[in-house]
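Shown below: run32.cif, with mmCIF, C-alpha atoms, pLDDT in the B column; chains and numbers go by the auth columns.
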```cif
data_final
#
loop_
_atom_site.group_PDB
_atom_site.id
_atom_site.type_symbol
_atom_site.label_atom_id
_atom_site.label_comp_id
_atom_site.label_asym_id
_atom_site.label_seq_id
_atom_site.Cartn_x
_atom_site.Cartn_y
_atom_site.Cartn_z
_atom_site.B_iso_or_equiv
_atom_site.auth_seq_id
_atom_site.auth_asym_id
ATOM 1 C CA MET A 1 14.542 -2.383 -13.142 85.00 1352 A
ATOM 2 C CA LYS A 2 13.166 -5.804 -13.967 87.00 1353 A
ATOM 3 C CA ASN A 3 13.210 -8.901 -11.865 88.00 1354 A
ATOM 4 C CA ASN A 4 12.766 -12.641 -12.114 89.00 1355 A
ATOM 5 C CA ILE A 5 11.156 -13.131 -8.761 91.00 1356 A
ATOM 6 C CA ARG A 6 7.969 -14.684 -10.074 90.00 1357 A
ATOM 7 C CA VAL A 7 9.902 -17.169 -12.195 91.00 1358 A
ATOM 8 C CA GLU A 8 12.258 -18.079 -9.394 91.00 1359 A
ATOM 9 C CA ARG A 9 9.320 -18.525 -7.065 91.00 1360 A
ATOM 10 C CA ALA A 10 7.739 -20.939 -9.511 91.00 1361 A
ATOM 11 C CA ILE A 11 10.992 -22.867 -9.825 91.00 1362 A
ATOM 12 C CA LYS A 12 11.255 -23.180 -6.077 90.00 1363 A
ATOM 13 C CA ASN A 13 7.499 -23.726 -5.830 91.00 1364 A
ATOM 14 C CA ILE A 14 6.874 -21.258 -3.016 91.00 1365 A
ATOM 15 C CA THR A 15 4.073 -18.729 -2.613 91.00 1366 A
ATOM 16 C CA GLN A 16 4.351 -14.979 -2.278 90.00 1367 A
ATOM 17 C CA GLY A 17 3.532 -15.398 1.393 90.00 1368 A
ATOM 18 C CA ASP A 18 6.327 -17.916 1.895 91.00 1369 A
ATOM 19 C CA LEU A 19 8.870 -15.678 0.184 92.00 1370 A
ATOM 20 C CA ALA A 20 7.641 -12.713 2.205 92.00 1371 A
ATOM 21 C CA LYS A 21 8.234 -14.577 5.444 92.00 1372 A
ATOM 22 C CA LEU A 22 11.674 -15.752 4.367 92.00 1373 A
ATOM 23 C CA ALA A 23 12.685 -12.247 3.329 91.00 1374 A
ATOM 24 C CA GLY A 24 11.184 -10.586 6.399 91.00 1375 A
ATOM 25 C CA VAL A 25 8.725 -8.356 4.554 93.00 1376 A
ATOM 26 C CA SER A 26 4.991 -8.274 3.903 92.00 1377 A
ATOM 27 C CA ARG A 27 3.286 -10.111 1.084 91.00 1378 A
ATOM 28 C CA GLN A 28 2.257 -6.834 -0.521 92.00 1379 A
ATOM 29 C CA THR A 29 5.940 -5.905 -0.815 93.00 1380 A
ATOM 30 C CA ILE A 30 6.674 -9.098 -2.754 93.00 1381 A
ATOM 31 C CA ASN A 31 3.633 -8.478 -4.931 92.00 1382 A
ATOM 32 C CA ALA A 32 4.676 -4.880 -5.566 92.00 1383 A
ATOM 33 C CA MET A 33 8.149 -6.032 -6.630 93.00 1384 A
ATOM 34 C CA GLU A 34 6.788 -8.689 -8.958 92.00 1385 A
ATOM 35 C CA SER A 35 4.411 -6.167 -10.544 90.00 1386 A
ATOM 36 C CA GLY A 36 7.346 -3.850 -11.117 89.00 1387 A
ATOM 37 C CA LYS A 37 5.826 -1.229 -8.833 90.00 1388 A
ATOM 38 C CA TYR A 38 8.589 -1.229 -6.269 93.00 1389 A
ATOM 39 C CA VAL A 39 12.381 -1.352 -6.438 92.00 1390 A
ATOM 40 C CA PRO A 40 13.695 -3.027 -3.283 93.00 1391 A
ATOM 41 C CA SER A 41 16.528 -1.780 -1.152 93.00 1392 A
ATOM 42 C CA THR A 42 19.910 -3.425 -1.566 93.00 1393 A
ATOM 43 C CA VAL A 43 19.445 -5.388 1.635 93.00 1394 A
ATOM 44 C CA LEU A 44 16.089 -6.769 0.576 93.00 1395 A
ATOM 45 C CA ALA A 45 17.356 -7.616 -2.908 93.00 1396 A
ATOM 46 C CA LEU A 46 20.280 -9.495 -1.414 94.00 1397 A
ATOM 47 C CA LYS A 47 17.982 -11.359 0.967 93.00 1398 A
ATOM 48 C CA ILE A 48 15.777 -12.445 -1.915 93.00 1399 A
ATOM 49 C CA ALA A 49 18.742 -13.546 -3.992 92.00 1400 A
ATOM 50 C CA ARG A 50 20.004 -15.529 -1.039 92.00 1401 A
ATOM 51 C CA THR A 51 16.591 -17.183 -0.604 90.00 1402 A
ATOM 52 C CA PHE A 52 16.770 -18.385 -4.194 90.00 1403 A
ATOM 53 C CA GLU A 53 20.435 -19.308 -3.782 91.00 1404 A
ATOM 54 C CA LYS A 54 21.277 -17.222 -6.810 91.00 1405 A
ATOM 55 C CA LYS A 55 23.460 -14.193 -7.455 91.00 1406 A
ATOM 56 C CA LEU A 56 21.857 -10.744 -7.304 91.00 1407 A
ATOM 57 C CA GLU A 57 22.333 -10.135 -11.044 91.00 1408 A
ATOM 58 C CA GLU A 58 20.497 -13.347 -11.854 90.00 1409 A
ATOM 59 C CA ILE A 59 17.326 -12.008 -10.216 91.00 1410 A
ATOM 60 C CA PHE A 60 17.424 -8.239 -10.765 91.00 1411 A
ATOM 61 C CA PHE A 61 18.189 -6.500 -14.059 90.00 1412 A
ATOM 62 C CA LEU A 62 18.807 -2.880 -14.960 89.00 1413 A
ATOM 63 C CA GLU A 63 16.729 -1.572 -17.806 87.00 1414 A
ATOM 64 C CA ASP A 64 17.829 1.014 -20.379 87.00 1415 A
ATOM 65 C CA SER A 65 15.482 3.502 -18.769 84.00 1416 A
ATOM 66 C CA ASP A 66 17.297 3.251 -15.434 79.00 1417 A
ATOM 67 C CA MET B 1 14.377 4.234 9.941 63.00 1105 B
ATOM 68 C CA ILE B 2 10.970 5.880 9.980 70.00 1106 B
ATOM 69 C CA SER B 3 9.629 3.273 12.357 76.00 1107 B
ATOM 70 C CA LYS B 4 11.507 5.081 15.111 81.00 1108 B
ATOM 71 C CA PHE B 5 8.896 7.815 14.959 87.00 1109 B
ATOM 72 C CA LEU B 6 5.800 5.660 14.749 92.00 1110 B
ATOM 73 C CA LEU B 7 3.492 4.842 17.616 93.00 1111 B
ATOM 74 C CA PRO B 8 2.705 1.284 18.728 92.00 1112 B
ATOM 75 C CA HIS B 9 -0.013 -0.447 16.698 93.00 1113 B
ATOM 76 C CA ILE B 10 -2.599 -0.274 19.498 94.00 1114 B
ATOM 77 C CA PHE B 11 -2.754 3.501 19.079 95.00 1115 B
ATOM 78 C CA LYS B 12 -4.667 3.047 15.858 95.00 1116 B
ATOM 79 C CA ILE B 13 -7.590 1.509 17.713 95.00 1117 B
ATOM 80 C CA ILE B 14 -7.311 4.035 20.557 96.00 1118 B
ATOM 81 C CA GLY B 15 -7.328 6.732 17.899 96.00 1119 B
ATOM 82 C CA TRP B 16 -10.571 5.536 16.351 96.00 1120 B
ATOM 83 C CA ILE B 17 -12.207 5.186 19.751 96.00 1121 B
ATOM 84 C CA ILE B 18 -11.410 8.825 20.523 96.00 1122 B
ATOM 85 C CA PHE B 19 -12.053 10.056 16.984 95.00 1123 B
ATOM 86 C CA ILE B 20 -15.640 8.928 16.527 95.00 1124 B
ATOM 87 C CA PRO B 21 -17.230 10.759 19.489 94.00 1125 B
ATOM 88 C CA SER B 22 -14.990 13.810 18.949 93.00 1126 B
ATOM 89 C CA PHE B 23 -15.961 14.000 15.316 93.00 1127 B
ATOM 90 C CA ILE B 24 -19.666 13.638 16.032 92.00 1128 B
ATOM 91 C CA LEU B 25 -19.385 16.264 18.752 89.00 1129 B
ATOM 92 C CA GLY B 26 -17.567 18.514 16.312 88.00 1130 B
ATOM 93 C CA ILE B 27 -20.251 18.176 13.663 88.00 1131 B
ATOM 94 C CA LEU B 28 -22.996 18.865 16.218 86.00 1132 B
ATOM 95 C CA TRP B 29 -21.087 21.828 17.566 82.00 1133 B
ATOM 96 C CA THR B 30 -20.521 23.452 14.167 80.00 1134 B
ATOM 97 C CA ALA B 31 -24.121 22.725 13.177 80.00 1135 B
ATOM 98 C CA ALA B 32 -25.289 24.380 16.389 76.00 1136 B
ATOM 99 C CA GLY B 33 -23.352 27.458 15.299 72.00 1137 B
ATOM 100 C CA PHE B 34 -20.816 27.096 18.109 65.00 1138 B
ATOM 101 C CA GLU B 35 -23.648 27.805 20.533 68.00 1139 B
ATOM 102 C CA PHE B 36 -23.186 25.601 23.561 74.00 1140 B
ATOM 103 C CA LYS B 37 -20.767 26.870 26.143 81.00 1141 B
ATOM 104 C CA VAL B 38 -18.696 25.153 28.785 84.00 1142 B
ATOM 105 C CA MET B 39 -17.157 27.753 31.053 89.00 1143 B
ATOM 106 C CA SER B 40 -13.990 27.061 33.026 89.00 1144 B
ATOM 107 C CA PRO B 41 -10.912 28.821 34.380 91.00 1145 B
ATOM 108 C CA VAL B 42 -7.930 28.000 32.147 90.00 1146 B
ATOM 109 C CA PHE B 43 -4.290 28.953 31.900 92.00 1147 B
ATOM 110 C CA ALA B 44 -3.791 31.146 28.835 91.00 1148 B
ATOM 111 C CA LEU B 45 -0.371 31.642 27.272 91.00 1149 B
ATOM 112 C CA TRP B 46 -1.927 34.235 25.029 90.00 1150 B
ATOM 113 C CA ALA B 47 -5.458 35.606 24.922 89.00 1151 B
ATOM 114 C CA ASP B 48 -7.526 38.609 23.864 88.00 1152 B
ATOM 115 C CA ASN B 49 -7.215 42.024 25.480 87.00 1153 B
ATOM 116 C CA GLY B 50 -3.461 41.814 25.964 86.00 1154 B
ATOM 117 C CA LYS B 51 -3.502 38.890 28.361 85.00 1155 B
ATOM 118 C CA TYR B 52 -0.380 36.743 28.593 89.00 1156 B
ATOM 119 C CA PHE B 53 0.567 33.928 30.988 91.00 1157 B
ATOM 120 C CA THR B 54 -2.522 34.312 33.120 91.00 1158 B
ATOM 121 C CA ILE B 55 -5.596 32.419 34.270 91.00 1159 B
ATOM 122 C CA ILE B 56 -8.793 33.448 32.527 90.00 1160 B
ATOM 123 C CA PHE B 57 -12.401 32.279 32.640 90.00 1161 B
ATOM 124 C CA GLN B 58 -13.229 30.953 29.234 87.00 1162 B
ATOM 125 C CA ASP B 59 -15.587 28.864 27.127 87.00 1163 B
ATOM 126 C CA ILE B 60 -13.657 25.661 26.510 88.00 1164 B
ATOM 127 C CA SER B 61 -16.196 23.844 24.309 86.00 1165 B
ATOM 128 C CA ASN B 62 -13.904 24.162 21.284 85.00 1166 B
ATOM 129 C CA GLU B 63 -10.962 22.745 23.240 89.00 1167 B
ATOM 130 C CA ILE B 64 -13.068 19.786 24.295 89.00 1168 B
ATOM 131 C CA VAL B 65 -13.771 19.012 20.636 90.00 1169 B
ATOM 132 C CA ALA B 66 -10.537 20.015 18.923 92.00 1170 B
ATOM 133 C CA VAL B 67 -7.884 18.511 21.167 95.00 1171 B
ATOM 134 C CA PRO B 68 -9.236 14.924 21.229 95.00 1172 B
ATOM 135 C CA LEU B 69 -9.956 15.220 17.504 95.00 1173 B
ATOM 136 C CA LEU B 70 -6.392 16.227 16.687 96.00 1174 B
ATOM 137 C CA VAL B 71 -4.851 13.720 19.084 96.00 1175 B
ATOM 138 C CA SER B 72 -6.957 10.888 17.685 96.00 1176 B
ATOM 139 C CA LEU B 73 -6.080 11.848 14.098 96.00 1177 B
ATOM 140 C CA MET B 74 -2.433 11.804 15.082 96.00 1178 B
ATOM 141 C CA PHE B 75 -2.804 8.379 16.657 96.00 1179 B
ATOM 142 C CA ILE B 76 -4.527 6.941 13.602 96.00 1180 B
ATOM 143 C CA SER B 77 -2.006 8.493 11.208 95.00 1181 B
ATOM 144 C CA PHE B 78 1.160 7.470 12.984 94.00 1182 B
ATOM 145 C CA ALA B 79 0.349 4.143 14.550 94.00 1183 B
ATOM 146 C CA ARG B 80 2.553 1.511 12.990 92.00 1184 B
ATOM 147 C CA GLU B 81 1.008 -1.230 10.928 91.00 1185 B
ATOM 148 C CA LYS B 82 1.597 -4.799 12.027 87.00 1186 B
ATOM 149 C CA ASN B 83 4.128 -5.215 9.230 83.00 1187 B
ATOM 150 C CA GLU B 84 6.181 -2.051 8.849 87.00 1188 B
ATOM 151 C CA ASP B 85 8.574 -2.830 6.031 89.00 1189 B
ATOM 152 C CA GLU B 86 10.372 -0.678 3.495 92.00 1190 B
ATOM 153 C CA TYR B 87 7.535 -0.704 0.974 94.00 1191 B
ATOM 154 C CA LEU B 88 5.103 0.529 3.597 93.00 1192 B
ATOM 155 C CA THR B 89 7.547 3.303 4.500 93.00 1193 B
ATOM 156 C CA ARG B 90 7.505 4.315 0.856 93.00 1194 B
ATOM 157 C CA ILE B 91 3.706 4.340 0.778 94.00 1195 B
ATOM 158 C CA ARG B 92 3.661 6.451 3.932 94.00 1196 B
ATOM 159 C CA LEU B 93 5.987 8.986 2.397 94.00 1197 B
ATOM 160 C CA GLU B 94 4.024 9.216 -0.831 95.00 1198 B
ATOM 161 C CA SER B 95 0.765 9.621 1.063 96.00 1199 B
ATOM 162 C CA LEU B 96 2.243 12.382 3.210 96.00 1200 B
ATOM 163 C CA ILE B 97 3.505 14.291 0.185 97.00 1201 B
ATOM 164 C CA TRP B 98 0.163 13.845 -1.544 97.00 1202 B
ATOM 165 C CA SER B 99 -1.816 15.077 1.442 97.00 1203 B
ATOM 166 C CA ILE B 100 0.276 18.217 1.914 97.00 1204 B
ATOM 167 C CA TYR B 101 0.171 18.886 -1.815 97.00 1205 B
ATOM 168 C CA ILE B 102 -3.619 18.576 -2.026 97.00 1206 B
ATOM 169 C CA ASN B 103 -4.139 20.481 1.213 97.00 1207 B
ATOM 170 C CA THR B 104 -2.045 23.381 -0.019 97.00 1208 B
ATOM 171 C CA LEU B 105 -3.903 23.450 -3.346 97.00 1209 B
ATOM 172 C CA LEU B 106 -7.248 23.504 -1.522 96.00 1210 B
ATOM 173 C CA LEU B 107 -5.969 26.284 0.697 95.00 1211 B
ATOM 174 C CA ILE B 108 -4.894 28.365 -2.294 96.00 1212 B
ATOM 175 C CA LEU B 109 -8.298 27.881 -3.931 96.00 1213 B
ATOM 176 C CA SER B 110 -9.952 28.838 -0.642 95.00 1214 B
ATOM 177 C CA TRP B 111 -7.984 32.051 -0.427 95.00 1215 B
ATOM 178 C CA ILE B 112 -8.936 32.934 -3.979 96.00 1216 B
ATOM 179 C CA PHE B 113 -12.649 32.121 -3.809 95.00 1217 B
ATOM 180 C CA ILE B 114 -13.777 32.450 -0.180 94.00 1218 B
ATOM 181 C CA PHE B 115 -14.067 35.762 1.655 94.00 1219 B
ATOM 182 C CA GLY B 116 -15.148 37.396 4.873 93.00 1220 B
ATOM 183 C CA GLY B 117 -16.103 35.806 8.161 91.00 1221 B
ATOM 184 C CA VAL B 118 -16.879 32.439 6.570 90.00 1222 B
ATOM 185 C CA PHE B 119 -13.172 32.129 5.821 93.00 1223 B
ATOM 186 C CA LEU B 120 -12.830 31.237 9.487 90.00 1224 B
ATOM 187 C CA ASN B 121 -14.523 27.949 8.599 87.00 1225 B
ATOM 188 C CA ILE B 122 -11.734 27.241 6.130 91.00 1226 B
ATOM 189 C CA ILE B 123 -9.116 27.965 8.747 92.00 1227 B
ATOM 190 C CA LEU B 124 -10.931 25.594 11.064 89.00 1228 B
ATOM 191 C CA TYR B 125 -11.118 22.729 8.555 90.00 1229 B
ATOM 192 C CA ASN B 126 -7.526 23.317 7.542 93.00 1230 B
ATOM 193 C CA MET B 127 -6.432 22.383 11.037 93.00 1231 B
ATOM 194 C CA PHE B 128 -7.595 18.845 10.473 94.00 1232 B
ATOM 195 C CA SER B 129 -7.410 18.395 6.733 95.00 1233 B
ATOM 196 C CA VAL B 130 -3.729 17.442 6.389 96.00 1234 B
ATOM 197 C CA LEU B 131 -4.039 14.448 8.688 96.00 1235 B
ATOM 198 C CA ILE B 132 -7.440 13.468 7.327 96.00 1236 B
ATOM 199 C CA LEU B 133 -6.124 13.568 3.754 97.00 1237 B
ATOM 200 C CA PHE B 134 -3.117 11.500 4.767 97.00 1238 B
ATOM 201 C CA ILE B 135 -5.276 8.862 6.447 96.00 1239 B
ATOM 202 C CA VAL B 136 -7.606 8.662 3.442 97.00 1240 B
ATOM 203 C CA LYS B 137 -4.741 8.353 0.931 97.00 1241 B
ATOM 204 C CA PHE B 138 -2.612 5.953 2.956 96.00 1242 B
ATOM 205 C CA TYR B 139 -5.387 3.523 3.747 95.00 1243 B
ATOM 206 C CA SER B 140 -6.837 3.676 0.242 96.00 1244 B
ATOM 207 C CA ILE B 141 -3.463 2.571 -1.134 95.00 1245 B
ATOM 208 C CA LEU B 142 -3.305 -0.240 1.398 93.00 1246 B
ATOM 209 C CA TYR B 143 -6.846 -1.276 0.459 93.00 1247 B
ATOM 210 C CA LYS B 144 -6.032 -1.304 -3.262 92.00 1248 B
ATOM 211 C CA ASN B 145 -2.964 -3.432 -2.594 91.00 1249 B
ATOM 212 C CA LYS B 146 -4.951 -5.825 -0.471 89.00 1250 B
ATOM 213 C CA LYS B 147 -7.517 -6.241 -3.262 89.00 1251 B
ATOM 214 C CA GLN B 148 -4.739 -6.925 -5.734 86.00 1252 B
ATOM 215 C CA LEU B 149 -3.255 -9.541 -3.440 84.00 1253 B
ATOM 216 C CA GLU B 150 -6.600 -11.297 -3.218 83.00 1254 B
ATOM 217 C CA ASN B 151 -6.796 -11.424 -7.005 78.00 1255 B
ATOM 218 C CA GLU B 152 -3.286 -12.853 -7.189 71.00 1256 B
ATOM 219 C CA LYS B 153 -3.998 -15.805 -4.914 60.00 1257 B
#
```
Please rewrite the model in this file as structure tokens.
Amino acid sequence: MKNNIRVERAIKNITQGDLAKLAGVSRQTINAMESGKYVPSTVLALKIARTFEKKLEEIFFLEDSD
Amino acid sequence: MISKFLLPHIFKIIGWIIFIPSFILGILWTAAGFEFKVMSPVFALWADNGKYFTIIFQDISNEIVAVPLLVSLMFISFAREKNEDEYLTRIRLESLIWSIYINTLLLILSWIFIFGGVFLNIILYNMFSVLILFIVKFYSILYKNKKQLENEK
């Protein structure tokens, strides 16, 4: 799975720490997602999409390997 | 949610406070060849010479070392971090699997290459190794992540 979190963060001009607080997780979780090391739960993915005011599919993408 | 089973965060500090003297005592005690004795009457569920459910007079120096050591290791292992989120739960799980995996491998190698009375030492270390391995793995992952975060900012 890929995601656009880093890009969306830049667009909204917020830090990893800010996003972490908004989504209710730790900064290392946000970092792990951006580095592609962690696939979030549905709830967390939805929370992040809501923070960016975008649809889920605009932030998270299935890859062929999934 | 795993956090149901975790202890409050303060237990991590309590754990270390109990661990350090217990560990030092344990090292001294093994180095002294299990020599010093502390005699006391104790309630034995099961003991040598066919004793069950009875009070016996026994050297409890190993209990004095082992019980606080195990309890403190448990506290350190299962105290919740300040921020227990889903990623941390994942790291916990992976560390647990890793520690049991490695511990079992070490045990197999011990069985194959270590013999006689000294094998008792292996049995002794094995009592503590699962939790120690878990603590080492879990906190090393957290440390690596923290370093990466510092590089990001």
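The two atoms in question, CA of Asp1189 (chain B) and CA of Glu1359 (chain A), are spaced 22.0 Å apart.
Between CA of Pro1112 (chain B) and CA of Lys1186 (chain B) there is a distance of 9.1 Å.
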Exercise. Evaluating the PyMOL selection byres ((chain B and resi 1175-1177) around 12) on the displayed file yields which residues, as a PyMOL selection string?
Worked result: chain B and resi 1115-1127+1167-1174+1178-1183+1231-1240
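Every residue that the PyMOL selection byres ((chain B) within 7 of (chain A)) selects in this file is listed here: Asn1187, Asp1189, Tyr1191, Asn1249 and Leu1253 of chain B.
Taken over the whole file, the PyMOL selection byres ((chain A and resi 1400-1406) around 10) covers exactly Ile1356, Glu1359, Arg1360, Ile1362, Lys1363, Leu1370, Leu1373, Ala1374, Val1394, Leu1395, Ala1396, Leu1397, Lys1398, Ile1399, Leu1407, Glu1408, Glu1409, Ile1410 and Phe1411 of chain A.
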Write a file of the selected residues as a PDB file, in the frame of the given file, keeping C-alpha atoms.
```
ATOM      1  CA  ILE A1356      11.156 -13.131  -8.761  1.00 91.00           C
ATOM      2  CA  GLU A1359      12.258 -18.079  -9.394  1.00 91.00           C
ATOM      3  CA  ARG A1360       9.320 -18.525  -7.065  1.00 91.00           C
ATOM      4  CA  ILE A1362      10.992 -22.867  -9.825  1.00 91.00           C
ATOM      5  CA  LYS A1363      11.255 -23.180  -6.077  1.00 90.00           C
ATOM      6  CA  LEU A1370       8.870 -15.678   0.184  1.00 92.00           C
ATOM      7  CA  LEU A1373      11.674 -15.752   4.367  1.00 92.00           C
ATOM      8  CA  ALA A1374      12.685 -12.247   3.329  1.00 91.00           C
ATOM      9  CA  VAL A1394      19.445  -5.388   1.635  1.00 93.00           C
ATOM     10  CA  LEU A1395      16.089  -6.769   0.576  1.00 93.00           C
ATOM     11  CA  ALA A1396      17.356  -7.616  -2.908  1.00 93.00           C
ATOM     12  CA  LEU A1397      20.280  -9.495  -1.414  1.00 94.00           C
ATOM     13  CA  LYS A1398      17.982 -11.359   0.967  1.00 93.00           C
ATOM     14  CA  ILE A1399      15.777 -12.445  -1.915  1.00 93.00           C
ATOM     15  CA  LEU A1407      21.857 -10.744  -7.304  1.00 91.00           C
ATOM     16  CA  GLU A1408      22.333 -10.135 -11.044  1.00 91.00           C
ATOM     17  CA  GLU A1409      20.497 -13.347 -11.854  1.00 90.00           C
ATOM     18  CA  ILE A1410      17.326 -12.008 -10.216  1.00 91.00           C
ATOM     19  CA  PHE A1411      17.424  -8.239 -10.765  1.00 91.00           C
TER      20      PHE A1411
END
```
Practice item. List the neighbours of region 1218-1230 of chain B out to 9 Å using all atoms listed in the file; skip same-chain residues closer than 5 positions along the sequence, and give me the result as a ChimeraX atom specification. Key: /B:1207,1211,1213
Determine the axis-aligned bounding box of all atoms of region 1252-1256 of chain B present in the file, pad each side by 6 Å, and express its centre and edge lengths in Å to one decimal place as lines of an AutoDock Vina configuration file.
```
center_x = -5.0
center_y = -9.9
center_z = -5.2
size_x = 15.5
size_y = 17.9
size_z = 16.0
```
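If you look at CA of Lys1141 (chain B) and CA of Ile1164 (chain B), they are 7.2 Å away from each other.
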Within 12 Å of (-14.2, 30.5, 28.8), all atoms listed in the file: residues as a list of chain:residue names? B:Phe1140, B:Lys1141, B:Val1142, B:Met1143, B:Ser1144, B:Pro1145, B:Val1146, B:Phe1147, B:Ala1148, B:Ala1151, B:Asp1152, B:Ile1159, B:Ile1160, B:Phe1161, B:Gln1162, B:Asp1163, B:Ile1164, B:Ser1165, B:Asn1166, B:Glu1167, B:Ile1168
Exercise: residues within 12 Å of coordinate (13.4, -4.8, -18.3), counting only C-alpha atoms, as a ChimeraX atom specification
/A:1352-1355,1386-1387,1410-1417
